[in-house]
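Asks: Submitted below is the structure of interest, expressed as structure tokens.
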Amino acid sequence: MEGICPKTPKCPLFNDNLLLIKKSSDVYKALYCNSEEKYKQCKRYIVSEKIGECADFVMPNSAYTLEEIIEKMKEQGLI
């Protein structure tokens with residue numbers, strides 16, 4: 001399986017290790033991972049580019065800002 005997003009090899013969402021419902025993962029993959037236009041808008045991609053990793057609570061279309069995600073990750077001891 002290969003996506004356009006360069007983060008797909010290690011992304012738990014792309015590799016079906018994050019959501020219980022595979023159909024939901026498939027929708028995210030179609031909308032973000034496999035889309036040249038949208039993968040750079042994926043919050044998981046943005047967070048990973050900024051700090052090198054991304055928490056499992058972050059979905060591609062998360063309403064949290066980058067700063068809020070980083071703060072929440074700090075609060076949870078993830079970074």
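Residues are referred to by chain and number: the chain letter is A, B, ... according to the order shown in the structure tokens, the number counts from 1 in that chain, and ligands are numbered separately from 1 in the order shown.
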So which residues touch A:Lys7 within 10 Å, counting only C-alpha atoms, skipping near sequence neighbours fewer than 4 positions away, as a list of chain:residue names?
Replies: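 With the cut-off at 10 Å, the set is A:Gly3, A:Cys11, A:Pro12, A:Phe14, A:Cys33, A:Tyr39, A:Arg44, A:Tyr45, A:Ser48, A:Glu49.
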Asks: Mind checking which residues fall within 12 Å of A:Val27, counting only C-alpha atoms, ignoring those fewer than 3 positions away in the same chain, and posting them as a list in words?
Replies: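 Here the answer would be Leu13, Phe14, Asp16, Leu19, Ile21, Lys22, Lys23, Ser24, Ala30, Leu31, Tyr32, Cys33, Asn34, Ser35, Met59, Pro60 and Asn61 of chain A.
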Asks: With distances taken over only C-alpha atoms, which of A:Ala63, A:Ile51, A:Cys42, A:Val58 is nearest to A:Thr8?
Replies: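 Counting only C-alpha atoms, the residue closest to A:Thr8 is A:Cys42.
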Asks: Based on the backbone DSSP call, show me all residues of chain A assigned alpha helix (DSSP H), as number ranges by chain.
Replies: A: 22-28, 43-51, 66-75
Asks: May I ask which of the residues A:Asp26, A:Glu75, A:Glu36, A:Lys10 is the closest one to A:Glu53, counting only C-alpha atoms?
Replies: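 Checking each of A:Asp26, A:Glu75, A:Glu36, A:Lys10 against A:Glu53, counting only C-alpha atoms, the winner is A:Lys10.
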Asks: For A:Lys38, which residue among A:Met73, A:Leu18, A:Ile4, A:Ile79 is the nearest when counting only C-alpha atoms?
Replies: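 Distance minimum relative to A:Lys38 lands on A:Ile4.
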